[in-house]
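Structure data follow from entry35.txt (compact mmCIF, C-alpha atoms):
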# COMPACT_ATOMS: atom_id res chain seq x y z
CA MET R 1 7.30 21.29 77.80
CA LEU R 2 6.81 25.01 77.42
CA LYS R 3 3.81 26.20 79.41
CA ILE R 4 2.00 29.28 78.19
CA LYS R 5 -0.27 31.05 80.67
CA LYS R 6 -3.87 31.48 79.63
CA ASN R 7 -3.99 35.23 79.76
CA ASN R 8 -0.41 35.83 78.71
CA PRO R 9 -0.47 39.34 77.19
CA LEU R 10 2.30 38.43 74.78
CA VAL R 11 0.20 35.67 73.28
CA ILE R 12 -2.92 37.84 73.18
CA PHE R 13 -1.22 40.72 71.40
CA SER R 14 0.67 38.46 68.99
CA THR R 15 -2.61 36.78 68.07
CA LEU R 16 -4.21 40.18 67.59
CA ILE R 17 -1.44 41.24 65.20
CA VAL R 18 -1.76 38.06 63.16
CA PHE R 19 -5.54 38.53 63.13
CA LEU R 20 -5.20 42.09 61.83
CA ILE R 21 -2.79 41.00 59.10
CA VAL R 22 -5.12 38.21 57.98
CA LEU R 23 -8.16 40.52 57.98
CA HIS R 24 -6.27 43.10 55.94
CA SER R 25 -5.14 40.47 53.43
CA ILE R 26 -8.68 39.34 52.75
CA GLY R 27 -9.88 42.97 52.51
CA LEU R 28 -12.23 43.04 55.49
CA LEU R 29 -10.43 45.98 57.06
CA ALA R 30 -10.66 48.18 53.96
CA PRO R 31 -13.72 50.21 55.11
CA LEU R 32 -12.13 50.88 58.49
CA GLU R 33 -8.81 51.84 56.88
CA ASP R 34 -10.50 54.22 54.44
CA PHE R 35 -12.51 55.77 57.25
CA LEU R 36 -9.46 56.25 59.44
CA LEU R 37 -7.47 57.87 56.64
CA SER R 38 -10.35 60.15 55.64
CA ALA R 39 -11.04 61.17 59.22
CA THR R 40 -7.43 62.10 59.93
CA LYS R 41 -6.75 63.73 56.54
CA PRO R 42 -7.69 67.32 57.56
CA LEU R 43 -5.39 67.14 60.57
CA THR R 44 -2.48 65.61 58.64
CA VAL R 45 -2.78 68.25 55.89
CA ARG R 46 -2.80 71.07 58.43
CA LEU R 47 0.13 69.68 60.41
CA TYR R 48 2.17 68.97 57.26
CA ASP R 49 1.54 72.54 56.10
CA TRP R 50 2.62 73.89 59.48
CA GLY R 51 5.78 71.76 59.44
CA THR R 52 6.69 72.92 55.92
CA ASN R 53 6.19 76.59 56.87
CA PHE R 54 8.34 76.12 59.94
CA ARG R 55 11.07 74.55 57.86
CA SER R 56 10.92 77.38 55.28
CA SER R 57 11.25 80.04 57.96
CA TYR R 58 14.14 78.13 59.52
CA GLN R 59 15.97 78.01 56.19
CA GLN R 60 15.45 81.67 55.45
CA ARG R 61 18.04 83.00 57.89
CA TYR R 62 20.54 84.54 55.53
CA ASP R 63 23.10 87.28 56.01
CA ARG R 64 22.21 90.61 54.47
CA GLN R 65 25.13 90.45 52.07
CA VAL R 66 24.23 86.97 50.89
CA LEU R 67 20.67 88.14 50.32
CA GLN R 68 21.81 91.14 48.33
CA THR R 69 24.01 88.97 46.11
CA LYS R 70 21.13 86.57 45.62
CA VAL R 71 18.78 89.42 44.68
CA GLN R 72 21.24 90.75 42.10
CA GLN R 73 21.66 87.29 40.56
CA LEU R 74 17.91 86.83 40.42
CA GLU R 75 17.38 90.22 38.80
CA LYS R 76 19.81 89.31 36.02
CA LEU R 77 18.10 85.96 35.59
CA VAL R 78 14.68 87.63 35.39
CA ASN R 79 15.89 89.94 32.62
CA THR R 80 17.35 87.05 30.64
CA LEU R 81 14.22 85.00 31.09
CA THR R 82 11.97 87.90 30.09
CA VAL R 83 13.82 88.18 26.77
CA ALA R 84 13.73 84.40 26.26
CA ASN R 85 10.03 84.30 27.13
CA SER R 86 9.28 87.02 24.62
CA ARG R 87 11.04 85.05 21.88
CA CYS R 88 9.19 81.88 22.95
CA LEU R 89 5.85 83.65 22.68
CA GLU R 90 6.69 84.75 19.13
CA ILE R 91 7.78 81.26 18.17
CA ASN R 92 4.69 79.75 19.77
CA ALA R 93 2.40 82.14 17.87
CA SER R 94 4.09 81.24 14.56
CA ASN R 95 3.88 77.55 15.48
CA GLN R 96 0.14 77.82 16.13
CA LYS R 97 -0.41 79.58 12.79
CA LEU R 98 1.54 76.94 10.90
CA ARG R 99 -0.28 74.14 12.71
CA SER R 100 -3.65 75.57 11.85
CA ILE R 101 -2.58 75.95 8.20
CA LEU R 102 -1.34 72.36 8.06
CA LYS R 103 -4.31 71.21 10.20
CA LEU R 104 -2.06 69.46 12.74
CA LYS R 105 -3.41 68.54 16.16
CA SER R 106 -1.79 69.97 19.29
CA THR R 107 0.87 67.69 20.75
CA HIS R 108 0.09 68.37 24.39
CA HIS R 109 -3.03 66.70 25.66
CA PHE R 110 -3.14 66.17 29.35
CA GLN R 111 -5.28 66.96 32.32
CA THR R 112 -4.07 67.61 35.82
CA ILE R 113 -5.48 66.64 39.18
CA THR R 114 -4.50 68.70 42.21
CA ALA R 115 -3.44 66.87 45.36
CA THR R 116 -2.20 67.81 48.80
CA ILE R 117 0.83 66.24 50.40
CA ILE R 118 -0.13 64.69 53.73
CA ALA R 119 3.05 62.93 54.79
CA LYS R 120 6.56 61.92 53.94
CA GLN R 121 7.72 58.33 54.06
CA LEU R 122 11.39 58.46 54.91
CA ARG R 123 13.68 55.81 53.52
CA LEU R 124 17.40 55.28 53.92
CA GLY R 125 19.47 57.47 51.62
CA ASN R 126 16.46 59.24 50.13
CA ARG R 127 14.95 62.59 50.79
CA GLY R 128 11.60 60.93 51.42
CA ASP R 129 8.70 59.79 49.29
CA LEU R 130 5.61 61.98 49.23
CA ILE R 131 2.22 60.65 50.26
CA ILE R 132 -0.67 62.53 48.64
CA ASP R 133 -4.37 62.52 49.37
CA ARG R 134 -5.50 61.22 45.98
CA GLY R 135 -5.60 57.60 44.96
CA ARG R 136 -7.23 55.04 42.70
CA GLN R 137 -10.66 56.59 43.21
CA SER R 138 -9.39 59.83 41.64
CA GLY R 139 -8.04 58.02 38.59
CA LEU R 140 -4.41 57.77 39.66
CA ARG R 141 -2.17 54.89 38.61
CA PRO R 142 1.54 54.06 38.95
CA GLY R 143 3.86 55.84 36.56
CA LEU R 144 2.04 59.17 36.35
CA ALA R 145 4.10 62.34 36.60
CA ILE R 146 3.76 64.83 39.44
CA ILE R 147 4.42 68.51 38.76
CA ASN R 148 4.41 71.69 40.79
CA SER R 149 2.41 74.84 40.05
CA GLN R 150 5.00 75.98 37.48
CA GLY R 151 4.85 72.72 35.54
CA ILE R 152 8.24 71.42 36.69
CA ILE R 153 8.25 67.68 37.24
CA ILE R 154 8.74 66.66 40.86
CA GLY R 155 8.62 62.90 40.54
CA LYS R 156 6.26 60.10 39.69
CA ILE R 157 3.63 57.92 41.31
CA MET R 158 4.95 54.58 42.51
CA GLU R 159 1.96 52.94 44.17
CA VAL R 160 -1.68 53.78 44.70
CA LYS R 161 -4.26 52.88 47.29
CA ASN R 162 -7.93 53.81 47.20
CA THR R 163 -7.58 57.30 48.66
CA SER R 164 -3.85 57.89 48.74
CA ALA R 165 -0.75 57.40 46.64
CA ILE R 166 2.99 57.52 47.12
CA ALA R 167 5.31 59.39 44.79
CA CYS R 168 9.09 59.28 44.58
CA LEU R 169 10.95 62.54 44.11
CA SER R 170 13.13 62.91 41.04
CA THR R 171 16.13 63.13 43.40
CA ASN R 172 15.42 59.64 44.74
CA ILE R 173 17.51 56.80 43.39
CA ASN R 174 14.45 54.74 42.50
CA CYS R 175 12.81 57.49 40.46
CA LYS R 176 13.88 56.98 36.84
CA LEU R 177 12.67 59.28 34.09
CA ALA R 178 13.19 59.08 30.35
CA ALA R 179 14.77 62.45 29.61
CA ALA R 180 16.09 64.56 26.78
CA VAL R 181 18.40 67.55 26.62
CA GLN R 182 16.98 70.72 25.06
CA ASN R 183 19.76 71.03 22.52
CA GLN R 184 19.93 70.73 18.76
CA THR R 185 20.42 66.97 18.76
CA LEU R 186 17.79 66.34 21.50
CA THR R 187 20.16 64.02 23.36
CA GLN R 188 18.32 61.19 25.11
CA GLY R 189 19.11 59.60 28.45
CA VAL R 190 17.65 58.31 31.69
CA THR R 191 17.65 60.28 34.92
CA SER R 192 17.70 58.94 38.43
CA GLY R 193 18.25 60.51 41.82
CA ASN R 194 21.63 60.94 43.43
CA LEU R 195 21.86 60.89 47.25
CA GLY R 196 18.48 62.60 47.50
CA LEU R 197 20.03 65.93 46.52
CA THR R 198 20.61 66.05 42.77
CA ILE R 199 19.66 64.14 39.66
CA GLN R 200 22.00 62.11 37.48
CA MET R 201 21.42 61.69 33.76
CA ASN R 202 22.89 58.43 32.52
CA PHE R 203 23.32 56.55 29.23
CA ILE R 204 24.32 59.61 27.25
CA PRO R 205 26.36 58.59 24.20
CA GLN R 206 29.97 59.78 24.24
CA SER R 207 29.47 61.41 20.85
CA GLU R 208 26.86 63.88 22.19
CA LYS R 209 28.04 67.39 23.02
CA LEU R 210 26.54 68.79 26.20
CA LYS R 211 26.83 72.29 27.65
CA LEU R 212 26.49 73.47 31.21
CA GLY R 213 23.15 75.16 31.87
CA GLU R 214 21.23 73.26 29.18
CA MET R 215 17.72 72.29 30.23
CA ILE R 216 16.59 68.70 30.70
CA ILE R 217 13.00 67.75 29.92
CA THR R 218 11.01 64.54 29.84
CA SER R 219 11.42 62.86 26.47
CA GLY R 220 7.90 61.44 26.20
CA LEU R 221 9.20 57.89 25.73
CA GLU R 222 7.36 56.72 28.83
CA ASN R 223 3.71 55.85 28.28
CA GLU R 224 2.32 57.85 31.15
CA ILE R 225 4.58 60.91 31.08
CA PRO R 226 4.18 63.45 28.28
CA ARG R 227 7.08 65.15 26.60
CA GLY R 228 8.33 68.57 27.63
CA LEU R 229 8.05 68.59 31.43
CA LEU R 230 11.05 70.39 32.85
CA ILE R 231 13.34 68.31 35.09
CA GLY R 232 16.34 70.57 35.75
CA LYS R 233 19.49 71.99 34.22
CA ILE R 234 22.95 70.54 33.68
CA SER R 235 25.38 71.58 36.41
CA GLN R 236 28.22 69.12 35.75
CA ILE R 237 29.29 66.87 32.90
CA HIS R 238 31.24 63.66 33.55
CA GLN R 239 33.05 62.36 30.52
CA SER R 240 35.65 59.64 30.50
CA SER R 241 37.28 58.19 27.41
CA ASN R 242 37.27 54.73 29.06
CA ALA R 243 33.53 54.71 29.72
CA VAL R 244 30.85 53.65 27.28
CA TRP R 245 28.51 56.44 28.32
CA GLN R 246 28.89 59.93 29.69
CA THR R 247 26.81 61.25 32.57
CA ALA R 248 25.58 64.65 33.64
CA THR R 249 24.60 65.99 37.02
CA ILE R 250 21.33 67.89 36.91
CA GLN R 251 20.39 70.55 39.38
CA PRO R 252 16.67 70.58 40.24
CA LEU R 253 14.99 73.95 39.72
CA ILE R 254 12.82 73.85 42.83
CA ASN R 255 13.16 73.19 46.53
CA PHE R 256 11.36 69.91 47.22
CA ASP R 257 11.10 70.63 50.93
CA ASN R 258 8.63 73.49 50.43
CA LEU R 259 6.02 71.53 48.50
CA THR R 260 2.53 71.25 49.92
CA ILE R 261 0.29 71.13 46.85
CA VAL R 262 1.12 69.25 43.66
CA SER R 263 -0.61 68.28 40.40
CA ILE R 264 -0.71 64.87 38.82
CA VAL R 265 -0.51 64.77 35.04
CA ILE R 266 -3.08 62.46 33.45
CA PRO R 267 -2.22 61.97 29.77
CA GLN R 268 -5.10 61.61 27.35
CA MET V 1 -17.76 51.76 82.60
CA PHE V 2 -18.22 54.95 80.60
CA LYS V 3 -15.15 56.37 82.26
CA LYS V 4 -13.16 53.35 81.10
CA ILE V 5 -14.46 53.68 77.56
CA GLY V 6 -13.65 57.38 77.61
CA GLN V 7 -10.10 56.61 78.75
CA ILE V 8 -9.67 54.07 75.98
CA ILE V 9 -10.89 56.54 73.34
CA LEU V 10 -8.62 59.27 74.69
CA PHE V 11 -5.68 56.86 74.68
CA PHE V 12 -6.44 55.86 71.09
CA LEU V 13 -6.66 59.51 69.98
CA PHE V 14 -3.48 60.42 71.84
CA ILE V 15 -1.49 57.68 70.10
CA LEU V 16 -2.94 58.71 66.72
CA LEU V 17 -1.94 62.31 67.38
CA VAL V 18 1.61 61.23 68.24
CA VAL V 19 1.85 59.19 65.03
CA ILE V 20 0.42 61.99 62.87
CA SER V 21 2.82 64.50 64.45
CA GLN V 22 5.68 62.11 63.69
CA PHE V 23 5.16 61.89 59.95
CA SER V 24 3.42 65.20 59.24
CA ILE V 25 5.47 67.67 61.26
CA LEU V 26 8.71 66.00 62.22
CA ALA V 27 9.27 64.28 58.86
CA VAL V 28 9.50 67.63 57.03
CA LEU V 29 12.00 69.24 59.37
CA PRO V 30 15.78 69.33 58.66
CA GLN V 31 17.55 66.04 59.25
CA PHE V 32 18.70 66.58 62.81
CA PHE V 33 15.22 67.56 63.99
CA ARG V 34 13.24 65.00 62.02
CA ASP V 35 15.14 62.11 63.61
CA LEU V 36 13.23 62.49 66.86
CA ASN V 37 11.22 59.28 67.19
CA LEU V 38 8.33 60.46 69.33
CA LEU V 39 6.31 57.28 69.04
CA LEU V 40 9.17 55.11 70.26
CA ILE V 41 9.75 57.35 73.26
CA ILE V 42 6.05 57.20 74.17
CA LEU V 43 6.10 53.40 73.92
CA VAL V 44 9.07 53.09 76.25
CA PHE V 45 7.49 55.65 78.57
CA LEU V 46 4.27 53.63 78.76
CA LEU V 47 6.19 50.43 79.36
CA PHE V 48 8.35 52.00 82.03
CA PHE V 49 5.74 53.98 83.94
CA TYR V 50 2.69 51.81 83.31
CA ASP V 51 2.76 48.24 82.07
CA PHE V 52 3.33 46.00 79.08
CA ARG V 53 -0.36 46.03 78.07
CA SER V 54 -0.42 49.82 77.66
CA ALA V 55 2.78 49.86 75.64
CA ALA V 56 1.73 46.93 73.47
CA SER V 57 -1.70 48.51 72.84
CA ALA V 58 -0.02 51.76 71.82
CA ALA V 59 2.35 49.83 69.54
CA ILE V 60 -0.58 48.12 67.84
CA ILE V 61 -2.59 51.33 67.42
CA GLY V 62 0.41 53.26 66.12
CA GLY V 63 1.65 50.37 63.99
CA PHE V 64 -1.78 49.79 62.44
CA TYR V 65 -2.17 53.43 61.44
CA LEU V 66 1.35 53.62 60.03
CA ASP V 67 0.75 50.44 58.03
CA ILE V 68 -2.43 51.74 56.43
CA LEU V 69 -0.91 55.13 55.70
CA PHE V 70 2.47 54.08 54.35
CA PHE V 71 3.22 51.84 51.43
CA ASN V 72 5.28 49.08 52.98
CA PHE V 73 3.76 45.64 53.35
CA PHE V 74 0.94 45.53 55.91
CA GLY V 75 2.33 44.52 59.28
CA PHE V 76 5.70 46.23 58.73
CA TYR V 77 5.25 48.74 61.54
CA LEU V 78 2.94 46.51 63.61
CA ILE V 79 5.62 43.85 63.88
CA THR V 80 8.53 46.27 64.32
CA LEU V 81 6.92 48.31 67.08
CA PHE V 82 5.51 45.30 68.89
CA LEU V 83 8.82 43.41 68.84
CA THR V 84 10.56 46.53 70.15
CA VAL V 85 8.13 46.68 73.07
CA VAL V 86 8.67 42.97 73.76
CA PHE V 87 12.45 43.40 73.68
CA VAL V 88 12.41 46.43 75.99
CA SER V 89 10.03 44.66 78.35
CA TRP V 90 12.40 41.70 78.52
CA ILE V 91 15.36 43.96 79.29
CA LEU V 92 13.34 45.71 82.00
CA ARG V 93 12.32 42.46 83.68
CA LYS V 94 15.58 40.55 83.35
CA TRP V 95 18.32 43.13 83.77
CA LEU V 96 17.06 46.22 85.56
CA THR V 97 16.48 46.40 89.28
CA ASN V 98 14.90 49.79 89.69
CA ARG V 99 12.92 52.46 87.89
CA SER V 100 15.25 55.43 87.79
CA LEU V 101 16.42 57.95 85.23
CA TYR V 102 19.41 55.78 84.38
CA SER V 103 17.33 52.70 83.65
CA PHE V 104 14.86 54.78 81.63
CA SER V 105 17.74 56.26 79.60
CA LEU V 106 19.22 52.82 79.05
CA LEU V 107 15.88 51.45 77.87
CA ILE V 108 15.42 54.34 75.44
CA PHE V 109 18.95 53.79 74.13
CA LEU V 110 18.46 50.06 73.59
CA ALA V 111 14.96 50.52 72.18
CA THR V 112 16.23 53.05 69.61
CA ILE V 113 19.01 50.74 68.43
CA PHE V 114 16.80 47.65 68.30
CA TYR V 115 13.97 49.47 66.50
CA ASN V 116 16.23 51.00 63.86
CA LEU V 117 18.11 47.76 63.21
CA LEU V 118 14.87 45.83 62.89
CA LEU V 119 13.27 48.46 60.67
CA ALA V 120 16.32 48.70 58.38
CA SER V 121 16.64 44.90 58.17
CA LEU V 122 12.99 44.41 57.27
CA SER V 123 13.17 47.27 54.80
CA TYR V 124 16.36 46.00 53.17
CA PHE V 125 15.28 42.38 52.85
CA SER V 126 11.73 43.16 51.74
CA PHE V 127 12.42 45.96 49.28
CA ALA V 128 16.16 45.86 48.59
CA SER V 129 15.74 49.35 47.19
CA SER V 130 19.23 50.35 48.13
CA LYS V 131 22.26 48.74 46.49
CA ILE V 132 24.26 49.25 49.66
CA PHE V 133 23.59 47.07 52.71
CA PHE V 134 22.12 49.34 55.39
CA LEU V 135 25.00 48.78 57.83
CA GLN V 136 27.33 50.24 55.21
CA ASN V 137 25.03 53.20 54.62
CA SER V 138 26.32 56.28 56.45
CA TYR V 139 22.83 57.78 56.40
CA PHE V 140 21.61 54.88 58.58
CA TRP V 141 24.29 55.57 61.19
CA SER V 142 23.77 59.33 61.20
CA THR V 143 20.00 58.83 61.61
CA LEU V 144 20.60 56.36 64.44
CA ILE V 145 22.97 58.69 66.30
CA TYR V 146 20.62 61.69 65.96
CA GLN V 147 17.70 59.55 67.14
CA ILE V 148 19.64 58.38 70.19
CA ILE V 149 20.63 61.97 71.06
CA TRP V 150 17.06 63.21 70.70
CA SER V 151 15.63 60.24 72.60
CA GLU V 152 17.98 60.74 75.52
CA ILE V 153 17.21 64.47 75.68
CA PHE V 154 13.51 63.69 75.70
CA ALA V 155 13.97 60.90 78.24
CA LEU V 156 15.66 63.35 80.58
CA LEU V 157 12.95 65.99 80.11
CA MET V 158 10.04 63.58 80.43
CA PHE V 159 11.39 61.80 83.46
CA ASN V 160 11.95 65.02 85.36
CA LEU V 161 8.59 66.43 84.30
CA VAL V 162 6.58 63.42 85.45
CA ASN V 163 8.47 63.28 88.73
CA PHE V 164 7.74 66.96 89.25
CA PHE V 165 4.02 66.56 88.65
CA SER V 166 3.31 63.24 90.29
CA ARG V 167 4.59 61.15 93.16
CA ARG V 168 3.29 58.07 91.44
CA TRP V 169 6.37 57.77 89.27
CA GLN V 170 9.03 58.33 91.84
CA PRO V 171 12.00 55.94 91.45
CA PHE V 172 11.55 52.63 93.24
CA PHE V 173 13.01 49.18 93.25
CA LEU V 174 11.45 46.50 91.12
CA GLU V 175 10.36 43.36 92.92
CA LYS V 176 11.46 40.19 91.19
CA LYS V 177 8.66 37.61 91.08
Show how you would write the structure in this file as structure tokens.
Amino acid sequence: MLKIKKNNPLVIFSTLIVFLIVLHSIGLLAPLEDFLLSATKPLTVRLYDWGTNFRSSYQQRYDRQVLQTKVQQLEKLVNTLTVANSRCLEINASNQKLRSILKLKSTHHFQTITATIIAKQLRLGNRGDLIIDRGRQSGLRPGLAIINSQGIIIGKIMEVKNTSAIACLSTNINCKLAAAVQNQTLTQGVTSGNLGLTIQMNFIPQSEKLKLGEMIITSGLENEIPRGLLIGKISQIHQSSNAVWQTATIQPLINFDNLTIVSIVIPQ
Amino acid sequence: MFKKIGQIILFFLFILLVVISQFSILAVLPQFFRDLNLLLIILVFLLFFYDFRSAASAAIIGGFYLDILFFNFFGFYLITLFLTVVFVSWILRKWLTNRSLYSFSLLIFLATIFYNLLLASLSYFSFASSKIFFLQNSYFWSTLIYQIIWSEIFALLMFNLVNFFSRRWQPFFLEKK
């Protein structure tokens, strides 16, 4: 018969682990957990910020020539965008006038809550899910969109706890978004991450004509995510006459590694 | 008594700091750098230079905090870290005859492999978020190799540092009871 010593540390620690799991399941550890998370939050935020800054400075070692080429490309892009922005402002002003004449309500009603990223939960094959310092107590729920300061969608909330939540990045395979192309036919599809680096737009009918560089936005077909949040732009189109659907590779517009502060979109 | 309590509190805070550094600083670095598993190295260090109780306590403190912070099922890290400590302790008692750099390196190597396999297995069978089995995932293997490289570099540095600063941890032969 197997004899177990009275003060066997293996037995003691195993019992302790089971005890902790049981206490957590019945909710008795919740106050301690909340306290621990709140107490360590300032330190985690500071260290995460430091780590992100270190990573940014590490990535910014470019050759002079590469930098010069990049600056020239960006200058051209700025000029193009300035012209496009000017046209958009004109169109928006006309739109507002027409809406007021027809007494139509504005289509965009959402609030945002600012949150700080405190950690990254790394998973196999993904860039890492973001853990933020807002949770159920701040009104968060699964499915809400997360955007950066420019309004570009980063991902969406997957799970919430009382004072924290986890969000998947749009480049993660599990992060699916109902999307639309900003073209004349407003082509619909579903995006999901690809190897943690790019985004793939799937279920695009073969009859739809796509162009490289076209912008992809959220289509508004999901309950919790409003229409019009920018996802990325088309960098490749994959069309095969044998396939039922065509797919497009979407290049994100931001660097997800430099994020420290995000906003959560709460639709009204 | 107060000294003992103070030591326990300091130990608790030290382990928390290691865990926070792991997911707040290291997790945001480029892939090669973020694969350093500081917590695992500390656990093996405690087991090797102190005793099973210290390592198991650290595993429970670190595992508990990781479980309340992350969004896996509660007990995911508690069980993984504790089982890793148990495994490494068994290897140390059954197969190693002395406490030298080579045995420390071997323990770190085996601990890294065991921990990653256990973590990936639990993750795959509990979430099944990836369509590819983790052993067929090249990212799993690259992470494992980088972790082993980092762990061995740290093992070498730590072992030489502690031997430089203290006679207490000079290599000696283990007595079999």
So how far away is atom CA of R:Ile131 from atom CA of R:Thr114, in Å?
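Computing it gives 13.2 Å between the two atoms.
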Find the residue from R:Leu259, R:Ile91, R:Leu98, R:Ile231 that sits nearest to R:Gln182; use all atoms listed in the file when measuring.
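Of all the options, R:Ile231 lies closest to R:Gln182.
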Contacts of stretch 84-90 of chain V at 8 Å or less, counting all atoms listed in the file, minus same-chain residues fewer than 3 places along, as a list in words?
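Non-adjacent residues within range: Leu10 of chain R; Leu43, Val44, Leu47, Phe52, Ala55, Ala56, Ala59, Thr80, Leu81, Arg93, Lys94, Leu107, Leu110, Ala111, Phe114 and Tyr115 of chain V.
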Contact residues (chain R, partner chain V, 6 Å, only C-alpha atoms) as a list in words:
Thr44, Leu47, Tyr48, Gly51, Arg55, Ala119 and Gly125 of chain R
Taking (-6.7, 45.7, 58.6) as a centre in this file's frame and 8 Å as the limit, can you find every polymer residue with an atom that close, using only C-alpha atoms, and give them as a ChimeraX atom specification?
/R:20-25,27-30,32-33 /V:64,68
Using only C-alpha atoms, which of the listed residues (R:Ala167, R:Ile204, R:Ile152, R:Leu229) sits closest to R:Asp133?
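The shortest atom-to-atom distance to R:Asp133 comes from R:Ala167.
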Centre and edge lengths, as JSON, for the axis-aligned box enclosing every listed atom of stretch 99-105 of chain V with 4 Å of padding on each of the six sides, in Å to one decimal?
{"center_x": 16.2, "center_y": 55.2, "center_z": 83.7, "size_x": 14.5, "size_y": 13.5, "size_z": 16.3}
Which of these, R:Glu214, R:Glu75, R:Asp129, R:Glu222, has the shortest distance to R:Ala179 once you count only C-alpha atoms?
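Ranked by minimum distance to R:Ala179, first place goes to R:Glu222.
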All residues 8 Å or closer to R:Leu144, all atoms listed in the file, same chain fewer than 3 positions away omitted, as a PDB file with C-alpha atoms, in the coordinates of the input:
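Once everything was written out, this is around-v6.pdb:
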ATOM      1  CA  LEU R 140      -4.410  57.770  39.660  1.00  0.00           C
ATOM      2  CA  ARG R 141      -2.170  54.890  38.610  1.00  0.00           C
ATOM      3  CA  LYS R 156       6.260  60.100  39.690  1.00  0.00           C
ATOM      4  CA  ILE R 157       3.630  57.920  41.310  1.00  0.00           C
ATOM      5  CA  GLU R 224       2.320  57.850  31.150  1.00  0.00           C
ATOM      6  CA  ILE R 225       4.580  60.910  31.080  1.00  0.00           C
ATOM      7  CA  ILE R 264      -0.710  64.870  38.820  1.00  0.00           C
ATOM      8  CA  VAL R 265      -0.510  64.770  35.040  1.00  0.00           C
ATOM      9  CA  ILE R 266      -3.080  62.460  33.450  1.00  0.00           C
TER      10      ILE R 266
END
Ranking V:Ile113, V:Ile91, V:Ile5, V:Leu36 by minimum distance to V:Ile153 and counting only C-alpha atoms, which one comes first?
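That would be V:Leu36, the residue with the smallest distance to V:Ile153.
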Neighbouring residues of stretch 238-240 of chain R were defined as those with any atom within 8 Å, considering all atoms listed in the file; residues of the same chain fewer than 4 positions away were excluded. Please report them as a list in words.
Gln206, Trp245, Gln246, Thr247, Ala248 and Thr249 of chain R
Dump C-alpha atoms for the selected residues as a CSV table (one decimal), in the frame of the given file?
chain,number,residue,atom,x,y,z
R,206,GLN,CA,30.0,59.8,24.2
R,245,TRP,CA,28.5,56.4,28.3
R,246,GLN,CA,28.9,59.9,29.7
R,247,THR,CA,26.8,61.2,32.6
R,248,ALA,CA,25.6,64.6,33.6
R,249,THR,CA,24.6,66.0,37.0
Proximity to R:Leu16 - best of V:Met1, V:Ile15, V:Leu40, V:Ile61, all atoms listed in the file
V:Ile61
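The space between atom CA of R:Asp34 and atom CA of R:Ile261 spans 21.4 Å.
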